[in-house]
Amino acid sequence: MDRNYEDKIQADVNAIFTLMEQRVDEKQMLLIHSAYELAKFAHKDQRRKSGEPYISHPVAVARIVAEEMELGANPVMAAFLHDVIEDCPYTIDEIRERFGDDVAFLVGVVTKQKKAKYDQSKQVDNFRQILSSVQFDVRAILVKLADRLHNMRTLQYMKPEKQKEKARETMDIYAPIADRLGISKIKTELDDLSLKYLQPEVYKELSEKL
């Protein structure tokens with residue numbers, strides 16, 4: 001792993017651990033450490049479009065959940081593990097056995113379900129799955145918002161057509177959900193990042209005026 005990447009990832013991990021040590025007991029901290037180690041091992045051979053080790057993404061999502069959303073131990077663990085089922089050879093039952101029913105529930109909701117045929121599209125079906133969970137637990141959609149926020153913060157590494165697709169989806173779906181949940185800071189950032197890719201000239205003009 002490149003030293004600069006490694007140092008940045010470790011700094012983020014240390015920040016998460018320091019924050020959570022102030023909120024949770026020793027048993028929960030051991031599980032948080034274990035969730036990070038599992039995610040790190042599961043993603044060890046994967047890289048993002050930017051060239052960064054893939055583990056940088058779940059770590060960044062977990063930091064948003066811990067620091068910006070101020071959630072508890074289980075959502076932080078779910079953030080570390082949210083791509084393990086989709087991208088690696090692990091099952092939800094293994095997550096349940098190691099981290100309990102609640103973490104498994106959160107990971108299961110955020111994980112995109114693989115289907116031979118989607119009702120409308122992969123993203124729409126995934127979003128329906130997330131919305132159906134809100135009646136039981138809003139934490140699942142908060143983890144998904146953290147996931148989308150980090151993806152938007154690193155969208156510059158995607159192809160232009162993918163940037164526009166993700167930006168439109170974010171502006172139409174995720175920013176309004178953040179607004180309805182009262183997370184104005186995240187809603188504003190999602191809107192700003194979406195505008196940056198959908199209307200770059202307008203975004204530049206507004207940025208210069210601000």
# chains A, B, ... in the order shown; residues from 1 in each chain; ligands from 1
$ residues_around --residues "region 145-159 of chain A" --least-positions-apart "4" --cutoff "8 Å" --atoms "only C-alpha atoms" --output "JSON, numbers by chain"
{"A": [49, 50, 57, 58, 60, 61, 62, 64, 65, 79, 141, 163, 166, 167, 170, 174, 178, 186, 190, 193, 194]}
$ residues_around --residues "Ile55 (chain A)" --least-positions-apart "6" --cutoff "12 Å" --atoms "only C-alpha atoms" --output "CSV table (one decimal) with C-alpha atoms, in the first residue's frame"
chain,number,residue,atom,x,y,z
A,1,MET,CA,0.0,0.0,0.0
A,5,TYR,CA,-2.6,6.4,1.3
A,6,GLU,CA,-1.7,4.2,4.3
A,8,LYS,CA,-4.3,8.9,5.5
A,9,ILE,CA,-6.4,5.8,6.1
A,10,GLN,CA,-4.7,5.2,9.4
A,12,ASP,CA,-9.0,8.4,9.7
A,13,VAL,CA,-9.2,5.1,11.5
A,35,ALA,CA,-15.3,-4.8,12.0
A,36,TYR,CA,-12.5,-2.6,10.6
A,37,GLU,CA,-10.1,-5.5,10.5
A,38,LEU,CA,-12.6,-7.7,8.6
A,39,ALA,CA,-13.3,-4.9,6.1
A,40,LYS,CA,-9.6,-4.3,5.7
A,41,PHE,CA,-8.9,-8.0,5.0
A,42,ALA,CA,-11.9,-8.4,2.7
A,43,HIS,CA,-11.0,-5.4,0.5
A,44,LYS,CA,-7.2,-5.9,0.6
A,45,ASP,CA,-6.8,-6.6,-3.1
A,46,GLN,CA,-9.3,-4.0,-4.3
A,47,ARG,CA,-8.7,-0.4,-5.4
A,48,ARG,CA,-10.9,2.6,-6.2
A,61,VAL,CA,-18.0,6.4,5.4
A,62,ALA,CA,-17.5,5.2,8.9
A,79,ALA,CA,-20.3,1.6,7.7
A,80,PHE,CA,-17.0,-0.4,7.8
A,81,LEU,CA,-18.8,-3.5,6.5
A,82,HIS,CA,-21.3,-2.0,4.0
A,83,ASP,CA,-19.5,-3.3,0.9
A,84,VAL,CA,-18.2,-6.6,2.2
A,87,ASP,CA,-18.0,-7.0,-3.3
$ atom_distance --atom1 "CA of Glu165 (chain A)" --atom2 "CA of Leu142 (chain A)"
21.3 Å
$ select_by_dssp --residues "region 10-209 of chain A" --states "helix (DSSP H, G or I)" --output "MDAnalysis selection string"
chainID A and resid 10:21 26:42 56:68 73:81 84:87 92:99 101:110 122:134 139:153 155:157 160:180 184:198 200:209
$ residues_around --residues "Ile92 (chain A)" --least-positions-apart "2" --cutoff "9 Å" --atoms "only C-alpha atoms" --output "MDAnalysis selection string"
chainID A and resid 85 90 94:97 104:105 107:108
$ atom_distance --atom1 "CA of Ala15 (chain A)" --atom2 "CA of Ala66 (chain A)"
9.2 Å
$ residues_around --residues "Lys27 (chain A)" --least-positions-apart "6" --cutoff "12 Å" --atoms "only C-alpha atoms" --output "number ranges by chain"
A: 20-21, 33-34, 73, 99
$ atom_distance --atom1 "CA of Val76 (chain A)" --atom2 "CA of Leu195 (chain A)"
28.9 Å
$ closest_residue --among "A:Asp101, A:Leu106, A:Pro53, A:Leu181" --to "Ala78 (chain A)" --atoms "only C-alpha atoms"
A:Leu106
$ closest_residue --among "A:Met29, A:Val110, A:Ile16, A:Val138" --to "Arg63 (chain A)" --atoms "only C-alpha atoms"
A:Ile16
